[in-house]
Amino acid sequence: MQLFFCYNKFRGKMENIETIKECEFLDFYNSRTYTANCFNDDGSLNKNYNSFKSTGVISTIFEEHWTKTYFDNKELINKFRPNASLEIQKIIDCHNKNLGCSLYECPTCHDIVFIGHTCKSRFCSSCGYKYKNDRVENILQTAYNCQHRQIVFTIPEQLRKYFFFPFENRINLLFKAIRDTIYSILNESFKKNKKGILKKYTSKIKYSPGFFAFLHTFGRDLKWNPHIHILIAEIKLSNNNSCIPWKYFDYDALSLRFQKIILDLLSKELGTSFDKHKKFLYLLYSNGFYVYAEPKNFKDFKSGVEYVTRYCGRVPISENRIVNYDGSNVTFSYIDHKDNKYHEVTIPASQFIMILLRHLLPTQFKIIRYYGFYRKKHSIHSKMIPLVKQHCRDFRKKLLKYEVSISMAFHRNPFHCPKCDTKMNFVLCIN
């Protein structure tokens, strides 16, 4: 097999002169570093090639300390986060030739530019940002033009360990508990009868809510703290095709029913060994588990979606919270929501990596989920007013494309020649 890649090694530009074998080109390609612009004027390799790679602090920490951290904690990492080795290596290789690249040539000055492929990992500071933007747009194009409310479901500290491992199964239980809680307060009520016995009453008309659920696994101090934010429409659809406003949310009912549902699910999962702990939690939290459901004043629905989504698609700490990295130790900051005070924590880099790995999700795990009338179309879907009009959707999706997003963020076109700013021609893609 041959690559029809025509390259004149001595003149330093692309020409339709010769065809070289794939193995010859790969030898040449693999000998290149990613620190310079490809060729000097005499045709020799320029070792200061600029691939526009911007390595963040977190990626640098992984690159310098991952190998030792992995071998020191290999058994632990392979048991609890088996995809860690693959995901971290992808982050280290993001935007360099180890993940492949696309090659472009300038038709004016014949400069050659390699654009490295990205890792597309949600755990990557750079790629996670694009993941967030894509998810925000998908939600906006699904939502209806109505008021939405944020509700936060939290579990007490005593329960958090049960949701760490096995991760997928237990987190699915948490999502299920929240779904059942919302449907319960919508279609069921509990009242005491004449004998003082609490009795459940089910509504004859079945109502369906519409909400998006977002999993967050960390607090500001990076500790393991799984909780779920939901954005729920303040309308409910009935089975007789009517749309009714839904403004009142019973905080006490939310807290108590969420407590009962999640503890029952865990009891079924863990068996009788959980019974003693279950009774203890009922006594300790007599008013139910904490559920925040008060209206939060976002500027608009998009702001609310961006607020809860930004923590779903990136590494658990932003780059600007890393105060210092000296090659051995990492200092990061956070503001404790309990006392609203600023704190700084300094720990070894290997310990910092292990803390981040707690929040590494399984590959393809659904961290954002759609429920109710947002999960699938219903009989009166065509009569509802969408938040994003149909004629705007294609244009908005084009704004998420690589060329447009890079141009808007960094004020340069990634496909323009860095020397003469001419639009470059695509030559080939190497994987």
# chains A, B, ... in the order shown; residues from 1 in each chain; ligands from 1
call {"tool": "residues_around", "arguments": {"residues": "region 181-187 of chain A", "least_positions_apart": "2", "cutoff": "6 Å", "atoms": "only C-alpha atoms", "output": "count of residues only"}}
result
5
call {"tool": "residues_around", "arguments": {"residues": "Ser303 (chain A)", "least_positions_apart": "4", "cutoff": "12 Å", "atoms": "only C-alpha atoms", "output": "count of residues only"}}
result
16
call {"tool": "residues_around", "arguments": {"residues": "His359 (chain A)", "least_positions_apart": "6", "cutoff": "10 Å", "atoms": "only C-alpha atoms", "output": "list of chain:residue names"}}
result
A:Arg81, A:Phe123, A:Phe164, A:His216, A:Thr217, A:Phe218, A:Leu222, A:Lys223, A:Trp224, A:Asn225, A:Pro226, A:Val315, A:Pro316
call {"tool": "write_last_selection", "arguments": {"atoms": "N, CA and C atoms", "output": "mmCIF file, in the first residue's frame"}}
result
data_model
loop_
_atom_site.group_PDB
_atom_site.id
_atom_site.type_symbol
_atom_site.label_atom_id
_atom_site.label_comp_id
_atom_site.auth_asym_id
_atom_site.auth_seq_id
_atom_site.Cartn_x
_atom_site.Cartn_y
_atom_site.Cartn_z
ATOM 1 N N ARG A 81 -10.937 2.022 39.131
ATOM 2 C CA ARG A 81 -11.052 2.839 37.918
ATOM 3 C C ARG A 81 -10.248 2.169 36.799
ATOM 4 N N PHE A 123 -12.380 14.082 30.728
ATOM 5 C CA PHE A 123 -11.465 14.341 31.830
ATOM 6 C C PHE A 123 -10.354 15.300 31.430
ATOM 7 N N PHE A 164 -19.460 4.713 45.517
ATOM 8 C CA PHE A 164 -18.134 4.772 44.900
ATOM 9 C C PHE A 164 -17.828 3.527 44.079
ATOM 10 N N HIS A 216 -23.021 15.228 39.472
ATOM 11 C CA HIS A 216 -21.774 15.823 39.950
ATOM 12 C C HIS A 216 -21.216 14.889 41.018
ATOM 13 N N THR A 217 -19.935 14.604 40.968
ATOM 14 C CA THR A 217 -19.361 13.646 41.919
ATOM 15 C C THR A 217 -18.439 14.299 42.942
ATOM 16 N N PHE A 218 -18.259 15.604 42.876
ATOM 17 C CA PHE A 218 -17.274 16.248 43.746
ATOM 18 C C PHE A 218 -17.818 17.544 44.334
ATOM 19 N N LEU A 222 -12.902 18.826 46.418
ATOM 20 C CA LEU A 222 -12.572 17.646 45.609
ATOM 21 C C LEU A 222 -12.882 16.321 46.294
ATOM 22 N N LYS A 223 -13.535 16.347 47.449
ATOM 23 C CA LYS A 223 -13.897 15.099 48.105
ATOM 24 C C LYS A 223 -15.004 14.387 47.328
ATOM 25 N N TRP A 224 -15.136 13.083 47.568
ATOM 26 C CA TRP A 224 -16.165 12.290 46.903
ATOM 27 C C TRP A 224 -17.534 12.691 47.469
ATOM 28 N N ASN A 225 -18.340 13.321 46.643
ATOM 29 C CA ASN A 225 -19.637 13.817 47.086
ATOM 30 C C ASN A 225 -20.642 13.725 45.942
ATOM 31 N N PRO A 226 -21.116 12.513 45.623
ATOM 32 C CA PRO A 226 -22.054 12.380 44.497
ATOM 33 C C PRO A 226 -23.404 13.024 44.808
ATOM 34 N N VAL A 315 -12.464 17.876 33.959
ATOM 35 C CA VAL A 315 -11.748 17.410 35.133
ATOM 36 C C VAL A 315 -12.313 18.139 36.354
ATOM 37 N N PRO A 316 -12.302 17.536 37.550
ATOM 38 C CA PRO A 316 -13.011 18.105 38.702
ATOM 39 C C PRO A 316 -12.540 19.473 39.193
#
call {"tool": "closest_residue", "arguments": {"among": "A:Phe426, A:Trp66, A:Phe289, A:Tyr144", "to": "His381 (chain A)", "atoms": "only C-alpha atoms"}}
result
A:Tyr144
call {"tool": "closest_residue", "arguments": {"among": "A:Lys338, A:Arg358, A:Ala213, A:Gln141", "to": "Asp394 (chain A)", "atoms": "only C-alpha atoms"}}
result
A:Gln141
call {"tool": "closest_residue", "arguments": {"among": "A:Val388, A:Ile355, A:Val404, A:Leu360", "to": "Pro82 (chain A)", "atoms": "only C-alpha atoms"}}
result
A:Leu360
call {"tool": "closest_residue", "arguments": {"among": "A:Leu174, A:Leu387, A:Leu361, A:Ile92", "to": "Gly56 (chain A)", "atoms": "only C-alpha atoms"}}
result
A:Ile92
call {"tool": "select_by_dssp", "arguments": {"residues": "region 127-336 of chain A", "states": "helix (DSSP H, G or I)", "output": "number ranges by chain"}}
result
A: 127-142, 157-163, 167-187, 251-284, 301-309, 319-321
call {"tool": "select_by_dssp", "arguments": {"residues": "region 163-332 of chain A", "states": "strand (DSSP E or B)", "output": "PDB file with N, CA and C atoms, in the first residue's frame"}}
result
ATOM      1  N   GLU A 188     -48.730  11.178  43.397  1.00  0.00           N
ATOM      2  CA  GLU A 188     -49.122  10.515  44.642  1.00  0.00           C
ATOM      3  C   GLU A 188     -49.156  11.505  45.799  1.00  0.00           C
ATOM      4  N   SER A 189     -49.991  11.215  46.774  1.00  0.00           N
ATOM      5  CA  SER A 189     -50.033  12.000  48.001  1.00  0.00           C
ATOM      6  C   SER A 189     -50.258  11.056  49.177  1.00  0.00           C
ATOM      7  N   PHE A 190     -49.837  11.497  50.358  1.00  0.00           N
ATOM      8  CA  PHE A 190     -49.976  10.671  51.558  1.00  0.00           C
ATOM      9  C   PHE A 190     -50.756  11.457  52.618  1.00  0.00           C
ATOM     10  N   LYS A 191     -51.822  10.853  53.087  1.00  0.00           N
ATOM     11  CA  LYS A 191     -52.652  11.483  54.119  1.00  0.00           C
ATOM     12  C   LYS A 191     -53.044  10.446  55.159  1.00  0.00           C
ATOM     13  N   LYS A 192     -53.262  10.926  56.370  1.00  0.00           N
ATOM     14  CA  LYS A 192     -53.711  10.039  57.437  1.00  0.00           C
ATOM     15  C   LYS A 192     -55.219   9.872  57.365  1.00  0.00           C
ATOM     16  N   LEU A 198     -51.212   6.412  57.950  1.00  0.00           N
ATOM     17  CA  LEU A 198     -50.793   7.108  56.732  1.00  0.00           C
ATOM     18  C   LEU A 198     -51.139   6.262  55.510  1.00  0.00           C
ATOM     19  N   LYS A 199     -51.892   6.847  54.602  1.00  0.00           N
ATOM     20  CA  LYS A 199     -52.346   6.110  53.428  1.00  0.00           C
ATOM     21  C   LYS A 199     -51.935   6.832  52.152  1.00  0.00           C
ATOM     22  N   LYS A 200     -51.573   6.044  51.135  1.00  0.00           N
ATOM     23  CA  LYS A 200     -51.150   6.624  49.859  1.00  0.00           C
ATOM     24  C   LYS A 200     -52.343   6.754  48.920  1.00  0.00           C
ATOM     25  N   TYR A 201     -52.453   7.929  48.279  1.00  0.00           N
ATOM     26  CA  TYR A 201     -53.496   8.178  47.296  1.00  0.00           C
ATOM     27  C   TYR A 201     -52.841   8.460  45.949  1.00  0.00           C
ATOM     28  N   THR A 202     -53.316   7.782  44.929  1.00  0.00           N
ATOM     29  CA  THR A 202     -52.755   7.941  43.582  1.00  0.00           C
ATOM     30  C   THR A 202     -53.723   8.721  42.708  1.00  0.00           C
ATOM     31  N   TYR A 207     -49.824  12.337  35.380  1.00  0.00           N
ATOM     32  CA  TYR A 207     -49.067  13.477  34.870  1.00  0.00           C
ATOM     33  C   TYR A 207     -47.625  13.066  34.581  1.00  0.00           C
ATOM     34  N   SER A 208     -47.071  13.734  33.597  1.00  0.00           N
ATOM     35  CA  SER A 208     -45.674  13.469  33.228  1.00  0.00           C
ATOM     36  C   SER A 208     -44.869  14.753  33.346  1.00  0.00           C
ATOM     37  N   GLY A 210     -41.072  16.907  32.928  1.00  0.00           N
ATOM     38  CA  GLY A 210     -39.966  16.944  31.971  1.00  0.00           C
ATOM     39  C   GLY A 210     -38.756  17.546  32.639  1.00  0.00           C
ATOM     40  N   PHE A 211     -37.675  16.792  32.738  1.00  0.00           N
ATOM     41  CA  PHE A 211     -36.497  17.339  33.407  1.00  0.00           C
ATOM     42  C   PHE A 211     -35.219  16.690  32.902  1.00  0.00           C
ATOM     43  N   PHE A 212     -34.126  17.422  33.122  1.00  0.00           N
ATOM     44  CA  PHE A 212     -32.777  16.958  32.793  1.00  0.00           C
ATOM     45  C   PHE A 212     -32.038  16.729  34.107  1.00  0.00           C
ATOM     46  N   ALA A 213     -31.303  15.627  34.196  1.00  0.00           N
ATOM     47  CA  ALA A 213     -30.559  15.300  35.417  1.00  0.00           C
ATOM     48  C   ALA A 213     -29.061  15.304  35.124  1.00  0.00           C
ATOM     49  N   PHE A 214     -28.288  15.932  36.014  1.00  0.00           N
ATOM     50  CA  PHE A 214     -26.848  16.103  35.831  1.00  0.00           C
ATOM     51  C   PHE A 214     -26.116  15.551  37.055  1.00  0.00           C
ATOM     52  N   LEU A 215     -25.226  14.603  36.832  1.00  0.00           N
ATOM     53  CA  LEU A 215     -24.459  14.026  37.929  1.00  0.00           C
ATOM     54  C   LEU A 215     -23.204  14.846  38.208  1.00  0.00           C
ATOM     55  N   HIS A 216     -23.021  15.228  39.472  1.00  0.00           N
ATOM     56  CA  HIS A 216     -21.774  15.823  39.950  1.00  0.00           C
ATOM     57  C   HIS A 216     -21.216  14.889  41.018  1.00  0.00           C
ATOM     58  N   THR A 217     -19.935  14.604  40.968  1.00  0.00           N
ATOM     59  CA  THR A 217     -19.361  13.646  41.919  1.00  0.00           C
ATOM     60  C   THR A 217     -18.439  14.299  42.942  1.00  0.00           C
ATOM     61  N   PHE A 218     -18.259  15.604  42.876  1.00  0.00           N
ATOM     62  CA  PHE A 218     -17.274  16.248  43.746  1.00  0.00           C
ATOM     63  C   PHE A 218     -17.818  17.544  44.334  1.00  0.00           C
ATOM     64  N   TRP A 224     -15.136  13.083  47.568  1.00  0.00           N
ATOM     65  CA  TRP A 224     -16.165  12.290  46.903  1.00  0.00           C
ATOM     66  C   TRP A 224     -17.534  12.691  47.469  1.00  0.00           C
ATOM     67  N   ASN A 225     -18.340  13.321  46.643  1.00  0.00           N
ATOM     68  CA  ASN A 225     -19.637  13.817  47.086  1.00  0.00           C
ATOM     69  C   ASN A 225     -20.642  13.725  45.942  1.00  0.00           C
ATOM     70  N   PRO A 226     -21.116  12.513  45.623  1.00  0.00           N
ATOM     71  CA  PRO A 226     -22.054  12.380  44.497  1.00  0.00           C
ATOM     72  C   PRO A 226     -23.404  13.024  44.808  1.00  0.00           C
ATOM     73  N   HIS A 227     -23.865  13.868  43.922  1.00  0.00           N
ATOM     74  CA  HIS A 227     -25.170  14.498  44.040  1.00  0.00           C
ATOM     75  C   HIS A 227     -25.670  14.827  42.637  1.00  0.00           C
ATOM     76  N   ILE A 228     -26.949  15.053  42.532  1.00  0.00           N
ATOM     77  CA  ILE A 228     -27.541  15.249  41.208  1.00  0.00           C
ATOM     78  C   ILE A 228     -28.341  16.545  41.175  1.00  0.00           C
ATOM     79  N   HIS A 229     -28.039  17.355  40.166  1.00  0.00           N
ATOM     80  CA  HIS A 229     -28.819  18.562  39.889  1.00  0.00           C
ATOM     81  C   HIS A 229     -29.851  18.214  38.818  1.00  0.00           C
ATOM     82  N   ILE A 230     -31.045  18.730  38.959  1.00  0.00           N
ATOM     83  CA  ILE A 230     -32.008  18.588  37.871  1.00  0.00           C
ATOM     84  C   ILE A 230     -32.547  19.962  37.498  1.00  0.00           C
ATOM     85  N   LEU A 231     -32.831  20.135  36.223  1.00  0.00           N
ATOM     86  CA  LEU A 231     -33.538  21.308  35.727  1.00  0.00           C
ATOM     87  C   LEU A 231     -34.893  20.810  35.251  1.00  0.00           C
ATOM     88  N   ILE A 232     -35.945  21.196  35.955  1.00  0.00           N
ATOM     89  CA  ILE A 232     -37.273  20.656  35.699  1.00  0.00           C
ATOM     90  C   ILE A 232     -38.204  21.751  35.193  1.00  0.00           C
ATOM     91  N   ALA A 233     -38.968  21.443  34.153  1.00  0.00           N
ATOM     92  CA  ALA A 233     -39.926  22.397  33.602  1.00  0.00           C
ATOM     93  C   ALA A 233     -41.068  22.602  34.585  1.00  0.00           C
ATOM     94  N   ILE A 235     -44.052  22.870  34.205  1.00  0.00           N
ATOM     95  CA  ILE A 235     -45.309  22.443  33.586  1.00  0.00           C
ATOM     96  C   ILE A 235     -45.387  20.922  33.705  1.00  0.00           C
ATOM     97  N   LYS A 236     -46.603  20.402  33.624  1.00  0.00           N
ATOM     98  CA  LYS A 236     -46.790  18.947  33.622  1.00  0.00           C
ATOM     99  C   LYS A 236     -47.821  18.595  32.563  1.00  0.00           C
ATOM    100  N   LEU A 237     -47.574  17.476  31.892  1.00  0.00           N
ATOM    101  CA  LEU A 237     -48.465  17.031  30.820  1.00  0.00           C
ATOM    102  C   LEU A 237     -49.294  15.861  31.327  1.00  0.00           C
ATOM    103  N   SER A 238     -50.591  15.904  31.054  1.00  0.00           N
ATOM    104  CA  SER A 238     -51.482  14.842  31.510  1.00  0.00           C
ATOM    105  C   SER A 238     -51.708  13.821  30.408  1.00  0.00           C
ATOM    106  N   CYS A 243     -51.774  20.552  29.089  1.00  0.00           N
ATOM    107  CA  CYS A 243     -50.545  21.083  29.676  1.00  0.00           C
ATOM    108  C   CYS A 243     -50.929  22.010  30.831  1.00  0.00           C
ATOM    109  N   ILE A 244     -50.418  21.728  32.024  1.00  0.00           N
ATOM    110  CA  ILE A 244     -50.828  22.449  33.224  1.00  0.00           C
ATOM    111  C   ILE A 244     -49.601  23.045  33.904  1.00  0.00           C
ATOM    112  N   PRO A 245     -49.685  24.305  34.378  1.00  0.00           N
ATOM    113  CA  PRO A 245     -48.557  24.892  35.125  1.00  0.00           C
ATOM    114  C   PRO A 245     -48.292  24.101  36.404  1.00  0.00           C
ATOM    115  N   VAL A 291     -32.704  18.330  50.224  1.00  0.00           N
ATOM    116  CA  VAL A 291     -33.037  18.586  48.826  1.00  0.00           C
ATOM    117  C   VAL A 291     -33.238  20.088  48.667  1.00  0.00           C
ATOM    118  N   TYR A 292     -32.432  20.696  47.801  1.00  0.00           N
ATOM    119  CA  TYR A 292     -32.560  22.135  47.539  1.00  0.00           C
ATOM    120  C   TYR A 292     -33.482  22.325  46.346  1.00  0.00           C
ATOM    121  N   ILE A 322      -5.686  26.094  40.457  1.00  0.00           N
ATOM    122  CA  ILE A 322      -4.363  25.569  40.823  1.00  0.00           C
ATOM    123  C   ILE A 322      -3.439  26.760  41.025  1.00  0.00           C
ATOM    124  N   VAL A 323      -3.154  27.045  42.283  1.00  0.00           N
ATOM    125  CA  VAL A 323      -2.377  28.239  42.643  1.00  0.00           C
ATOM    126  C   VAL A 323      -0.912  28.077  42.291  1.00  0.00           C
ATOM    127  N   ASN A 324      -0.372  26.865  42.506  1.00  0.00           N
ATOM    128  CA  ASN A 324       1.053  26.658  42.249  1.00  0.00           C
ATOM    129  C   ASN A 324       1.336  25.183  41.991  1.00  0.00           C
ATOM    130  N   TYR A 325       2.275  24.950  41.078  1.00  0.00           N
ATOM    131  CA  TYR A 325       2.811  23.607  40.825  1.00  0.00           C
ATOM    132  C   TYR A 325       4.302  23.748  40.628  1.00  0.00           C
ATOM    133  N   ASN A 329       4.893  19.319  44.129  1.00  0.00           N
ATOM    134  CA  ASN A 329       3.680  19.538  44.919  1.00  0.00           C
ATOM    135  C   ASN A 329       2.695  20.431  44.175  1.00  0.00           C
ATOM    136  N   VAL A 330       1.422  20.223  44.467  1.00  0.00           N
ATOM    137  CA  VAL A 330       0.348  21.002  43.843  1.00  0.00           C
ATOM    138  C   VAL A 330      -0.394  21.756  44.944  1.00  0.00           C
ATOM    139  N   THR A 331      -0.600  23.048  44.728  1.00  0.00           N
ATOM    140  CA  THR A 331      -1.391  23.866  45.645  1.00  0.00           C
ATOM    141  C   THR A 331      -2.655  24.320  44.924  1.00  0.00           C
ATOM    142  N   PHE A 332      -3.805  23.965  45.469  1.00  0.00           N
ATOM    143  CA  PHE A 332      -5.067  24.408  44.866  1.00  0.00           C
ATOM    144  C   PHE A 332      -5.920  25.107  45.914  1.00  0.00           C
TER     145      PHE A 332
END
call {"tool": "decode", "arguments": {"residues": "region 70-95 of chain A", "atoms": "N, CA and C atoms", "output": "tab-separated table (two decimals), in the first residue's frame"}}
result
chain	number	residue	atom	x	y	z
A	70	TYR	N	0.86	5.48	38.84
A	70	TYR	CA	0.15	4.27	38.42
A	70	TYR	C	0.82	3.01	38.99
A	71	PHE	N	2.14	2.93	38.89
A	71	PHE	CA	2.83	1.72	39.37
A	71	PHE	C	2.82	1.63	40.89
A	72	ASP	N	2.76	2.76	41.57
A	72	ASP	CA	2.68	2.74	43.04
A	72	ASP	C	1.29	2.33	43.53
A	73	ASN	N	0.28	2.55	42.70
A	73	ASN	CA	-1.11	2.27	43.10
A	73	ASN	C	-1.84	1.41	42.08
A	74	LYS	N	-1.09	0.57	41.37
A	74	LYS	CA	-1.63	-0.18	40.24
A	74	LYS	C	-2.84	-1.03	40.60
A	75	GLU	N	-2.74	-1.78	41.68
A	75	GLU	CA	-3.82	-2.69	42.07
A	75	GLU	C	-5.09	-1.91	42.43
A	76	LEU	N	-4.92	-0.83	43.14
A	76	LEU	CA	-6.05	0.00	43.56
A	76	LEU	C	-6.72	0.66	42.36
A	77	ILE	N	-5.93	1.22	41.47
A	77	ILE	CA	-6.46	1.91	40.29
A	77	ILE	C	-7.17	0.93	39.36
A	78	ASN	N	-6.57	-0.23	39.10
A	78	ASN	CA	-7.17	-1.21	38.20
A	78	ASN	C	-8.48	-1.76	38.74
A	79	LYS	N	-8.62	-1.82	40.05
A	79	LYS	CA	-9.86	-2.34	40.64
A	79	LYS	C	-10.99	-1.33	40.56
A	80	PHE	N	-10.72	-0.09	40.99
A	80	PHE	CA	-11.79	0.89	41.12
A	80	PHE	C	-11.99	1.76	39.88
A	81	ARG	N	-10.94	2.02	39.13
A	81	ARG	CA	-11.05	2.84	37.92
A	81	ARG	C	-10.25	2.17	36.80
A	82	PRO	N	-10.74	1.05	36.26
A	82	PRO	CA	-9.97	0.26	35.29
A	82	PRO	C	-9.67	0.98	33.98
A	83	ASN	N	-10.41	2.04	33.67
A	83	ASN	CA	-10.14	2.77	32.42
A	83	ASN	C	-9.17	3.93	32.62
A	84	ALA	N	-8.59	4.05	33.83
A	84	ALA	CA	-7.73	5.20	34.14
A	84	ALA	C	-6.50	5.27	33.24
A	85	SER	N	-5.82	4.14	33.06
A	85	SER	CA	-4.57	4.15	32.28
A	85	SER	C	-4.81	4.64	30.86
A	86	LEU	N	-5.87	4.16	30.24
A	86	LEU	CA	-6.18	4.57	28.86
A	86	LEU	C	-6.57	6.03	28.80
A	87	GLU	N	-7.44	6.48	29.71
A	87	GLU	CA	-7.94	7.85	29.68
A	87	GLU	C	-6.82	8.86	29.96
A	88	ILE	N	-5.98	8.57	30.94
A	88	ILE	CA	-4.91	9.52	31.28
A	88	ILE	C	-3.89	9.61	30.15
A	89	GLN	N	-3.58	8.47	29.52
A	89	GLN	CA	-2.64	8.51	28.41
A	89	GLN	C	-3.20	9.33	27.25
A	90	LYS	N	-4.51	9.24	27.03
A	90	LYS	CA	-5.14	10.06	26.00
A	90	LYS	C	-4.98	11.54	26.30
A	91	ILE	N	-5.14	11.90	27.57
A	91	ILE	CA	-5.00	13.31	27.96
A	91	ILE	C	-3.57	13.78	27.75
A	92	ILE	N	-2.60	12.94	28.11
A	92	ILE	CA	-1.20	13.29	27.92
A	92	ILE	C	-0.88	13.48	26.44
A	93	ASP	N	-1.49	12.65	25.59
A	93	ASP	CA	-1.21	12.69	24.15
A	93	ASP	C	-2.11	13.66	23.39
A	94	CYS	N	-3.02	14.34	24.09
A	94	CYS	CA	-3.98	15.21	23.40
A	94	CYS	C	-3.26	16.26	22.55
A	95	HIS	N	-3.63	16.32	21.29
A	95	HIS	CA	-3.12	17.30	20.34
A	95	HIS	C	-1.67	17.05	19.93
